[in-house]
Amino acid sequence: MSVPEGRRRRFRGFRGGPLEQAFQIYAPSAVYAVGLGAIMPAMAPAATAFGASLALAAASVTLVSIGSLVANAPAAWLASRAGERMTIIVSAWVGSAGALVTWAAVAGWLPVADHTGLGLLLAGLVIVGMAGAGFNLARQSYLAVAVPGSHRARAMSTLGGTIRIGMFAGPFLGAGLQAVMGLQGAFVVATAAMALAAGMSFTIKDLPVPETSPAGSSQPASRIDSATAGPGPRPTMRGLARRHRRVLLTAGIGVLCLAAARASRSAVIPLWATELGLSPAAASAVYGLTGLADLVMFYPSGFLMDRRGRRVVAVFCMAGLALGTALVPLTGSPWWFVAVAVVVGLGNGFGSGIVMTLGADYSPPEGRPQFLALWRQLSDVGMLTGPAVLSAVTGLAGLAFGIWAVAAIAAAGAVIFARSLPKGPGSVADLVVR
């Protein structure tokens, strides 16, 4: 086989292949993630700049998750009626508005007291989280329909990779602008990137009308999947929760643990950097290095999930996060801290796309957006729980013990995935049926 022919065959899953429709989702996702990446490591330092304690600063990162948690049901409603494309567009514009509010608060555009400025900052973070609910759910639902099951994990992990590209670039861009503008530089990057992503989202095409549909309907696949196959009522989140409670209470709890560990990382890295005496710009740079470690793992992770199974990837991801997080408080110098932060990033990157892949695997054709909203509820509860545990234990016993509590959550998640996910390649739902 010639080299050009080998390359063509190697990448036939992309251009003109099963992943072709996924590519229009990737570019806006990467740009949007730049904004989120810029803002994440700056949240805790911004809160402390308004006089917040370390415990309150750690809790501030939960507000993005709170916003997402309360908006999951409305996002599912919008996606099931307006379609994924419109949901992505609306959500991206709302996110850029939330980022603008945080920028205004940190820059001091309004002559208000510190506690009022802190309130504006926190409100903006909630809005960003609410926008993320719709943006994330819609693009996951889009890929679940547009990509065949044989390439699902690669599609989802590549989406996770585009997010990691943005999350890697965002902190560096934010750190660079902070050197010129101060702390507000990170929020300037966030506002501009999210607005650009909103504009780019207009280029996304609606899912094509399938030649045959479950109910003989001519509606787009994205809307067919959100409705029942017949003329009866639409599936509800409560009904789907009852029908799929076994999955939600096993693998779903593992997802909660994974989200808790991942969300805590956004506070653990900047706060321990502060403990070591590093500047906010240096903390953002270290956080960006963890994003680079994330980045190198995204496609191998998806390939391994499709070829060897979801269980292998999920367990090793959680084990890596547990080990790296547990080592953070043992670092006493910046260089050891950077090395351990990279370990955390590698563990997290090994699970690129695992939450979205499992959600797509388990989601039923009827009521897919509603099920994915439930799946995201578990993830968002985890993103809320992790930093909350970190904040509570830090307030009681110190930052080191707070970080070790997060490591224990990650270790518990590894055990849950090992016991609940079936072995073997392919969709976990199909493996359970077999």
# chains A, B, ... in the order shown; residues from 1 in each chain; ligands from 1
$ residues_around --residues "A:Trp375" --least-positions-apart "6" --cutoff "9 Å" --atoms "only C-alpha atoms" --output "PyMOL selection string"
chain A and resi 248+252+255+355-356+359+363
$ select_by_dssp --residues "stretch 243-367 of chain A" --states "helix (DSSP H, G or I)" --output "VMD selection string"
chain A and resid 243 245 to 248 251 to 275 280 to 295 298 to 308 310 to 330 334 to 350 354 to 362
$ atom_distance --atom1 "atom CA of A:Leu177" --atom2 "atom CA of A:Ser279"
14.0 Å
$ residues_around --residues "A:Gly170" --least-positions-apart "2" --cutoff "8 Å" --atoms "only C-alpha atoms" --output "number ranges by chain"
A: 33-39, 166-168, 172-174, 189-190, 288
$ write_last_selection --atoms "C-alpha atoms" --output "compact mmCIF listing (two decimals), in the first residue's frame"
# COMPACT_ATOMS: atom_id res chain seq x y z
CA ALA A 33 -13.89 26.74 25.08
CA VAL A 34 -11.17 29.38 24.69
CA GLY A 35 -13.43 31.77 26.54
CA LEU A 36 -14.29 29.24 29.21
CA GLY A 37 -10.63 28.27 29.57
CA ALA A 38 -9.65 31.90 30.09
CA ILE A 39 -12.24 32.47 32.77
CA GLY A 166 -9.76 25.87 23.78
CA MET A 167 -9.25 25.13 27.47
CA PHE A 168 -5.52 24.90 26.78
CA PHE A 172 -2.49 31.33 28.13
CA LEU A 173 -4.39 34.03 26.25
CA GLY A 174 -5.92 35.15 29.52
CA VAL A 189 -10.71 37.01 26.37
CA ALA A 190 -13.77 35.13 27.60
CA GLY A 288 -2.89 25.80 30.83
$ closest_atom_pairs --of "stretch 15-95 of chain A" --to "stretch 134-144 of chain A" --cutoff "6 Å" --atoms "only C-alpha atoms" --output "tab-separated table"
residue	atom	partner	partner_atom	distance
A:Ala75	CA	A:Gly134	CA	4.7
A:Glu84	CA	A:Ala138	CA	4.7
A:Ile88	CA	A:Phe135	CA	4.8
A:Ser91	CA	A:Phe135	CA	5.3
